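Chemist: For reference, the file run-v8.cif (mmCIF, N, CA and C atoms) is included below:
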data_final
loop_
_atom_site.label_atom_id
_atom_site.label_comp_id
_atom_site.auth_asym_id
_atom_site.auth_seq_id
_atom_site.Cartn_x
_atom_site.Cartn_y
_atom_site.Cartn_z
N VAL Z 1 0.86 -1.19 0.00
CA VAL Z 1 0.00 0.00 0.00
C VAL Z 1 0.89 1.24 0.00
N GLN Z 2 0.60 2.16 -0.86
CA GLN Z 2 1.34 3.43 -0.91
C GLN Z 2 0.37 4.57 -0.63
N LEU Z 3 0.84 5.54 0.13
CA LEU Z 3 0.05 6.71 0.46
C LEU Z 3 0.80 7.95 0.00
N VAL Z 4 0.11 8.84 -0.67
CA VAL Z 4 0.72 10.07 -1.15
C VAL Z 4 -0.12 11.24 -0.68
N GLU Z 5 0.51 12.13 0.11
CA GLU Z 5 -0.18 13.32 0.59
C GLU Z 5 0.09 14.49 -0.34
N SER Z 6 -0.84 15.43 -0.34
CA SER Z 6 -0.66 16.67 -1.09
C SER Z 6 -1.49 17.76 -0.42
N GLY Z 7 -1.21 19.01 -0.80
CA GLY Z 7 -2.01 20.12 -0.32
C GLY Z 7 -1.36 20.97 0.74
N GLY Z 8 -0.18 20.60 1.20
CA GLY Z 8 0.48 21.42 2.19
C GLY Z 8 1.00 22.71 1.59
N GLY Z 9 1.50 23.58 2.46
CA GLY Z 9 2.04 24.84 1.97
C GLY Z 9 2.16 25.86 3.07
N LEU Z 10 2.36 27.10 2.65
CA LEU Z 10 2.50 28.23 3.57
C LEU Z 10 1.23 29.05 3.55
N VAL Z 11 0.71 29.35 4.73
CA VAL Z 11 -0.53 30.12 4.83
C VAL Z 11 -0.43 31.04 6.05
N GLN Z 12 -1.12 32.16 5.98
CA GLN Z 12 -1.15 33.07 7.12
C GLN Z 12 -2.12 32.57 8.18
N ALA Z 13 -1.87 32.98 9.40
CA ALA Z 13 -2.77 32.62 10.49
C ALA Z 13 -4.20 33.05 10.14
N GLY Z 14 -5.14 32.16 10.44
CA GLY Z 14 -6.53 32.41 10.10
C GLY Z 14 -6.95 31.86 8.75
N GLY Z 15 -5.97 31.43 7.99
CA GLY Z 15 -6.26 30.90 6.66
C GLY Z 15 -6.64 29.44 6.69
N SER Z 16 -6.80 28.88 5.48
CA SER Z 16 -7.25 27.50 5.34
C SER Z 16 -6.37 26.74 4.36
N LEU Z 17 -6.31 25.45 4.57
CA LEU Z 17 -5.66 24.53 3.65
C LEU Z 17 -6.46 23.24 3.62
N ARG Z 18 -6.37 22.53 2.52
CA ARG Z 18 -7.01 21.23 2.41
C ARG Z 18 -5.96 20.20 1.99
N LEU Z 19 -5.74 19.23 2.85
CA LEU Z 19 -4.80 18.17 2.57
C LEU Z 19 -5.55 16.98 1.97
N SER Z 20 -4.87 16.29 1.05
CA SER Z 20 -5.42 15.09 0.45
C SER Z 20 -4.43 13.94 0.60
N CYS Z 21 -4.96 12.75 0.71
CA CYS Z 21 -4.12 11.55 0.78
C CYS Z 21 -4.76 10.49 -0.11
N ALA Z 22 -3.97 10.03 -1.06
CA ALA Z 22 -4.44 9.00 -1.98
C ALA Z 22 -3.73 7.69 -1.68
N ALA Z 23 -4.52 6.65 -1.51
CA ALA Z 23 -3.97 5.32 -1.25
C ALA Z 23 -4.02 4.49 -2.53
N SER Z 24 -2.95 3.76 -2.80
CA SER Z 24 -2.91 2.87 -3.95
C SER Z 24 -2.38 1.51 -3.52
N GLY Z 25 -2.58 0.54 -4.36
CA GLY Z 25 -2.18 -0.82 -4.03
C GLY Z 25 -3.36 -1.61 -3.50
N THR Z 26 -3.07 -2.82 -3.06
CA THR Z 26 -4.11 -3.71 -2.56
C THR Z 26 -4.32 -3.49 -1.07
N ILE Z 27 -5.51 -3.07 -0.71
CA ILE Z 27 -5.86 -2.82 0.68
C ILE Z 27 -6.71 -3.97 1.17
N LEU Z 28 -6.26 -4.59 2.26
CA LEU Z 28 -6.96 -5.74 2.82
C LEU Z 28 -7.56 -5.39 4.17
N GLY Z 29 -8.86 -5.52 4.28
CA GLY Z 29 -9.49 -5.31 5.57
C GLY Z 29 -9.29 -3.91 6.11
N PHE Z 30 -9.66 -2.93 5.31
CA PHE Z 30 -9.50 -1.52 5.71
C PHE Z 30 -10.20 -1.26 7.04
N ASN Z 31 -9.52 -0.61 7.94
CA ASN Z 31 -10.10 -0.24 9.24
C ASN Z 31 -10.30 1.26 9.38
N SER Z 32 -9.25 2.03 9.10
CA SER Z 32 -9.34 3.47 9.30
C SER Z 32 -8.24 4.18 8.54
N MET Z 33 -8.43 5.47 8.36
CA MET Z 33 -7.37 6.35 7.86
C MET Z 33 -7.32 7.56 8.76
N GLY Z 34 -6.19 8.19 8.78
CA GLY Z 34 -6.08 9.34 9.66
C GLY Z 34 -4.94 10.26 9.30
N TRP Z 35 -4.92 11.38 9.97
CA TRP Z 35 -3.86 12.37 9.82
C TRP Z 35 -3.15 12.55 11.16
N TYR Z 36 -1.85 12.62 11.07
CA TYR Z 36 -0.99 12.86 12.22
C TYR Z 36 -0.04 13.99 11.84
N ARG Z 37 0.54 14.62 12.84
CA ARG Z 37 1.49 15.69 12.54
C ARG Z 37 2.67 15.65 13.51
N GLN Z 38 3.77 16.19 13.04
CA GLN Z 38 4.97 16.24 13.86
C GLN Z 38 5.66 17.57 13.66
N ALA Z 39 5.73 18.33 14.74
CA ALA Z 39 6.41 19.61 14.72
C ALA Z 39 7.88 19.39 15.12
N PRO Z 40 8.75 20.29 14.74
CA PRO Z 40 10.17 20.14 15.09
C PRO Z 40 10.38 19.97 16.60
N GLY Z 41 11.12 18.95 16.97
CA GLY Z 41 11.42 18.72 18.38
C GLY Z 41 10.30 18.09 19.18
N LYS Z 42 9.21 17.74 18.50
CA LYS Z 42 8.07 17.15 19.21
C LYS Z 42 7.75 15.77 18.64
N GLN Z 43 6.99 15.01 19.43
CA GLN Z 43 6.57 13.70 18.98
C GLN Z 43 5.42 13.81 17.98
N ARG Z 44 5.29 12.81 17.16
CA ARG Z 44 4.16 12.76 16.23
C ARG Z 44 2.88 12.60 17.04
N GLU Z 45 1.85 13.35 16.64
CA GLU Z 45 0.60 13.31 17.37
C GLU Z 45 -0.58 13.14 16.42
N LEU Z 46 -1.64 12.57 16.98
CA LEU Z 46 -2.86 12.37 16.21
C LEU Z 46 -3.54 13.72 15.97
N VAL Z 47 -4.03 13.88 14.74
CA VAL Z 47 -4.83 15.06 14.41
C VAL Z 47 -6.29 14.65 14.27
N ALA Z 48 -6.55 13.68 13.40
CA ALA Z 48 -7.92 13.23 13.17
C ALA Z 48 -7.89 11.86 12.51
N THR Z 49 -8.92 11.07 12.80
CA THR Z 49 -9.05 9.76 12.17
C THR Z 49 -10.50 9.56 11.74
N ILE Z 50 -10.67 8.67 10.77
CA ILE Z 50 -12.00 8.30 10.32
C ILE Z 50 -12.01 6.81 10.07
N THR Z 51 -13.03 6.14 10.60
CA THR Z 51 -13.08 4.69 10.49
C THR Z 51 -13.82 4.26 9.23
N ARG Z 52 -13.82 2.96 9.03
CA ARG Z 52 -14.54 2.39 7.89
C ARG Z 52 -16.02 2.74 7.96
N ALA Z 53 -16.54 2.80 9.16
CA ALA Z 53 -17.96 3.12 9.35
C ALA Z 53 -18.23 4.62 9.27
N GLY Z 54 -17.18 5.40 9.19
CA GLY Z 54 -17.37 6.84 9.07
C GLY Z 54 -17.28 7.60 10.37
N SER Z 55 -16.96 6.91 11.45
CA SER Z 55 -16.80 7.60 12.73
C SER Z 55 -15.51 8.40 12.72
N THR Z 56 -15.57 9.58 13.30
CA THR Z 56 -14.40 10.46 13.32
C THR Z 56 -13.94 10.73 14.74
N ASN Z 57 -12.67 11.08 14.83
CA ASN Z 57 -12.07 11.41 16.11
C ASN Z 57 -11.07 12.52 15.87
N TYR Z 58 -11.05 13.51 16.75
CA TYR Z 58 -10.18 14.67 16.57
C TYR Z 58 -9.39 14.96 17.84
N ALA Z 59 -8.20 15.48 17.65
CA ALA Z 59 -7.45 16.00 18.78
C ALA Z 59 -8.18 17.23 19.30
N ASP Z 60 -8.13 17.44 20.59
CA ASP Z 60 -8.82 18.58 21.18
C ASP Z 60 -8.36 19.90 20.56
N SER Z 61 -7.10 19.96 20.20
CA SER Z 61 -6.53 21.20 19.70
C SER Z 61 -7.07 21.61 18.33
N VAL Z 62 -7.70 20.68 17.61
CA VAL Z 62 -8.19 21.00 16.28
C VAL Z 62 -9.71 20.91 16.15
N LYS Z 63 -10.37 20.47 17.20
CA LYS Z 63 -11.83 20.34 17.15
C LYS Z 63 -12.48 21.68 16.81
N GLY Z 64 -13.43 21.61 15.89
CA GLY Z 64 -14.12 22.82 15.47
C GLY Z 64 -13.41 23.59 14.37
N ARG Z 65 -12.16 23.23 14.08
CA ARG Z 65 -11.41 23.91 13.04
C ARG Z 65 -11.07 22.98 11.87
N PHE Z 66 -10.80 21.73 12.16
CA PHE Z 66 -10.42 20.76 11.14
C PHE Z 66 -11.55 19.76 10.92
N THR Z 67 -11.67 19.29 9.68
CA THR Z 67 -12.66 18.29 9.33
C THR Z 67 -12.01 17.21 8.47
N ILE Z 68 -12.16 15.97 8.89
CA ILE Z 68 -11.65 14.84 8.12
C ILE Z 68 -12.81 14.22 7.34
N SER Z 69 -12.54 13.83 6.10
CA SER Z 69 -13.55 13.18 5.28
C SER Z 69 -12.85 12.19 4.36
N ARG Z 70 -13.66 11.37 3.71
CA ARG Z 70 -13.05 10.35 2.84
C ARG Z 70 -13.94 10.05 1.64
N ASN Z 71 -13.31 9.50 0.64
CA ASN Z 71 -14.00 9.01 -0.54
C ASN Z 71 -13.60 7.55 -0.67
N ASN Z 72 -14.48 6.66 -0.26
CA ASN Z 72 -14.14 5.23 -0.25
C ASN Z 72 -13.87 4.69 -1.64
N THR Z 73 -14.63 5.18 -2.60
CA THR Z 73 -14.50 4.66 -3.95
C THR Z 73 -13.09 4.87 -4.49
N LYS Z 74 -12.53 6.02 -4.18
CA LYS Z 74 -11.22 6.36 -4.71
C LYS Z 74 -10.12 6.25 -3.68
N ALA Z 75 -10.41 5.67 -2.52
CA ALA Z 75 -9.42 5.50 -1.46
C ALA Z 75 -8.70 6.81 -1.16
N LEU Z 76 -9.48 7.85 -0.95
CA LEU Z 76 -8.95 9.16 -0.64
C LEU Z 76 -9.42 9.60 0.73
N VAL Z 77 -8.56 10.33 1.41
CA VAL Z 77 -8.97 10.96 2.66
C VAL Z 77 -8.50 12.41 2.62
N PHE Z 78 -9.32 13.29 3.18
CA PHE Z 78 -9.05 14.71 3.14
C PHE Z 78 -9.01 15.29 4.56
N LEU Z 79 -8.29 16.38 4.69
CA LEU Z 79 -8.31 17.12 5.95
C LEU Z 79 -8.49 18.59 5.61
N GLN Z 80 -9.67 19.10 5.88
CA GLN Z 80 -9.94 20.52 5.70
C GLN Z 80 -9.53 21.24 6.97
N MET Z 81 -8.60 22.17 6.83
CA MET Z 81 -8.08 22.89 7.98
C MET Z 81 -8.42 24.36 7.87
N ASN Z 82 -9.24 24.84 8.77
CA ASN Z 82 -9.65 26.23 8.81
C ASN Z 82 -9.11 26.92 10.06
N SER Z 83 -9.13 28.22 10.05
CA SER Z 83 -8.68 29.02 11.19
C SER Z 83 -7.32 28.54 11.69
N LEU Z 84 -6.41 28.39 10.76
CA LEU Z 84 -5.10 27.86 11.11
C LEU Z 84 -4.34 28.79 12.02
N LYS Z 85 -3.56 28.18 12.90
CA LYS Z 85 -2.76 28.90 13.88
C LYS Z 85 -1.28 28.57 13.68
N PRO Z 86 -0.39 29.44 14.12
CA PRO Z 86 1.04 29.12 13.99
C PRO Z 86 1.41 27.79 14.65
N GLU Z 87 0.72 27.43 15.71
CA GLU Z 87 1.03 26.16 16.38
C GLU Z 87 0.58 24.93 15.60
N ASP Z 88 -0.12 25.15 14.48
CA ASP Z 88 -0.47 24.04 13.59
C ASP Z 88 0.68 23.70 12.64
N THR Z 89 1.72 24.50 12.65
CA THR Z 89 2.87 24.25 11.78
C THR Z 89 3.51 22.90 12.12
N ALA Z 90 3.63 22.06 11.09
CA ALA Z 90 4.17 20.72 11.29
C ALA Z 90 4.22 20.01 9.94
N VAL Z 91 4.84 18.84 9.94
CA VAL Z 91 4.71 17.93 8.81
C VAL Z 91 3.50 17.05 9.11
N TYR Z 92 2.60 17.00 8.16
CA TYR Z 92 1.37 16.23 8.32
C TYR Z 92 1.50 14.91 7.56
N TYR Z 93 1.19 13.83 8.26
CA TYR Z 93 1.32 12.49 7.70
C TYR Z 93 -0.05 11.81 7.63
N CYS Z 94 -0.24 11.08 6.57
CA CYS Z 94 -1.43 10.27 6.39
C CYS Z 94 -1.11 8.84 6.82
N LYS Z 95 -2.04 8.20 7.49
CA LYS Z 95 -1.87 6.82 7.92
C LYS Z 95 -3.09 6.01 7.56
N LEU Z 96 -2.84 4.81 7.06
CA LEU Z 96 -3.92 3.87 6.77
C LEU Z 96 -3.70 2.63 7.62
N ASN Z 97 -4.77 2.16 8.26
CA ASN Z 97 -4.70 0.93 9.04
C ASN Z 97 -5.58 -0.12 8.39
N GLU Z 98 -4.96 -1.26 8.10
CA GLU Z 98 -5.73 -2.37 7.57
C GLU Z 98 -5.26 -3.67 8.21
N PHE Z 99 -5.72 -4.78 7.68
CA PHE Z 99 -5.49 -6.08 8.30
C PHE Z 99 -4.02 -6.33 8.62
N ARG Z 100 -3.12 -5.90 7.73
CA ARG Z 100 -1.71 -6.21 7.90
C ARG Z 100 -0.98 -5.19 8.78
N GLY Z 101 -1.63 -4.11 9.13
CA GLY Z 101 -0.98 -3.12 9.99
C GLY Z 101 -1.14 -1.71 9.46
N ASP Z 102 -0.20 -0.85 9.83
CA ASP Z 102 -0.25 0.58 9.48
C ASP Z 102 0.66 0.89 8.30
N TYR Z 103 0.20 1.80 7.47
CA TYR Z 103 0.99 2.33 6.37
C TYR Z 103 1.00 3.85 6.48
N TRP Z 104 2.16 4.44 6.19
CA TRP Z 104 2.33 5.89 6.32
C TRP Z 104 2.73 6.52 5.00
N GLY Z 105 2.29 7.75 4.82
CA GLY Z 105 2.77 8.52 3.70
C GLY Z 105 4.07 9.21 4.05
N GLN Z 106 4.60 9.96 3.09
CA GLN Z 106 5.90 10.61 3.27
C GLN Z 106 5.78 11.95 3.99
N GLY Z 107 4.57 12.46 4.10
CA GLY Z 107 4.35 13.71 4.81
C GLY Z 107 4.31 14.91 3.90
N THR Z 108 3.58 15.92 4.35
CA THR Z 108 3.51 17.19 3.63
C THR Z 108 3.63 18.32 4.64
N GLN Z 109 4.43 19.32 4.30
CA GLN Z 109 4.71 20.41 5.24
C GLN Z 109 3.59 21.43 5.24
N VAL Z 110 3.15 21.79 6.42
CA VAL Z 110 2.19 22.89 6.61
C VAL Z 110 2.87 23.92 7.49
N THR Z 111 2.95 25.15 6.99
CA THR Z 111 3.56 26.24 7.75
C THR Z 111 2.57 27.38 7.86
N VAL Z 112 2.29 27.78 9.08
CA VAL Z 112 1.34 28.87 9.33
C VAL Z 112 2.11 30.04 9.91
N SER Z 113 2.09 31.15 9.20
CA SER Z 113 2.82 32.33 9.65
C SER Z 113 1.92 33.23 10.48
N SER Z 114 2.52 33.92 11.44
CA SER Z 114 1.73 34.78 12.32
C SER Z 114 1.63 36.19 11.77
#
Could you write out this file's structure as structure tokens?
Modeler:
Amino acid sequence: VQLVESGGGLVQAGGSLRLSCAASGTILGFNSMGWYRQAPGKQRELVATITRAGSTNYADSVKGRFTISRNNTKALVFLQMNSLKPEDTAVYYCKLNEFRGDYWGQGTQVTVSS
């Protein structure tokens, strides 16, 4: 399984970005997809996840600002990020969990300027 993220970039505080993650290859027993982020000097942390059934989960720090969604037909997952803050600056990674375990994308940089 390969995951490719896109949509990162530089944005001013208060702005918006939409991240996309496309999965390719043979997916067995899909469970969930999600977004994680890692800022310099910090551990990777969960941002949002969405299950096969469509249930979502968000980090407290992004609730009300970020929305995760998916397109099952095309194995895509999106992260709409609104009201961005400088503390959202990080490399954002897409993760897919299926029967064989976790797969990660290469990450996309999001930088929010104050």
Chemist: I'd like the neighbourhood of Thr49 in chain Z as a VMD selection string, where a residue qualifies if any of its atoms comes within 6 Å (using only C-alpha atoms), though same-chain residues fewer than 5 positions away should be ignored.
Modeler: chain Z and resid 33 to 34 56 to 57
Chemist: Run the PyMOL selection byres (((chain Z and resi 87 and name CA) around 12) and name CA) on the file and write out the hits as a ChimeraX atom specification.
Modeler: /Z:12-14,37-40,42,61-62,83-86,88-91,110-114
Chemist: Let me know the residues the PyMOL selection byres (((chain Z and resi 18 and name CA) around 12) and name CA) catches in the file above, as a VMD selection string.
Modeler: chain Z and resid 5 to 11 15 to 17 19 to 21 35 65 to 69 77 to 84 92 108 110
Chemist: Point out the residue among Z:Leu76, Z:Val1, Z:Ala22, Z:Ile27 with the least atom-to-atom distance to Ile50 in chain Z, counting only C-alpha atoms.
Modeler: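 Result for the nearest residue to Ile50 in chain Z: Z:Leu76.
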Chemist: Run the PyMOL selection byres ((chain Z and resi 99-106) around 7) on the file and write out the hits as a list in words.
Modeler: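 After applying the PyMOL selection byres ((chain Z and resi 99-106) around 7), what remains is Val1, Gln2, Leu3, Val4, Glu5, Ile27, Leu28, Gly29, Phe30, Asn31, Tyr92, Tyr93, Cys94, Lys95, Leu96, Asn97, Glu98, Gly107 and Thr108 of chain Z.
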Chemist: Kindly give the distance, in Å, that separates atom N of Asp60 in chain Z and atom C of Tyr36 in chain Z, rounded to a single decimal.
Modeler: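 These two atoms are separated by 12.4 Å.
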Chemist: If the box runs along x, y and z of the file and leaves 8 Å on each side of range 50-64 of chain Z, what are its centre and edge lengths in Å, one decimal, as AutoDock Vina command-line options?
Modeler:
--center_x -12.4 --center_y 13.0 --center_z 14.5 --size_x 27.7 --size_y 37.2 --size_z 29.3
Chemist: Nearest to Lys63 in chain Z among Z:Val47, Z:Ser32, Z:Ala23, Z:Ala75, with distances taken over only N, CA and C atoms: which residue is it?
Modeler: Z:Val47
Chemist: Between CA of Ala59 in chain Z and atom N of Leu46 in chain Z, what is the spacing in Å?
Modeler: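 Going from atom N of Leu46 in chain Z over to CA of Ala59 in chain Z, I get 7.0 Å.
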Chemist: Could you pull out the strand (DSSP E or B) residues of chain Z, going by DSSP on the backbone, and write them as a count of residues only?
Modeler: 65
Chemist: Can you tell me how far CA of Arg44 in chain Z sits from CA of Tyr58 in chain Z, in Å to one decimal?
Modeler: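 These two atoms are separated by 14.5 Å.
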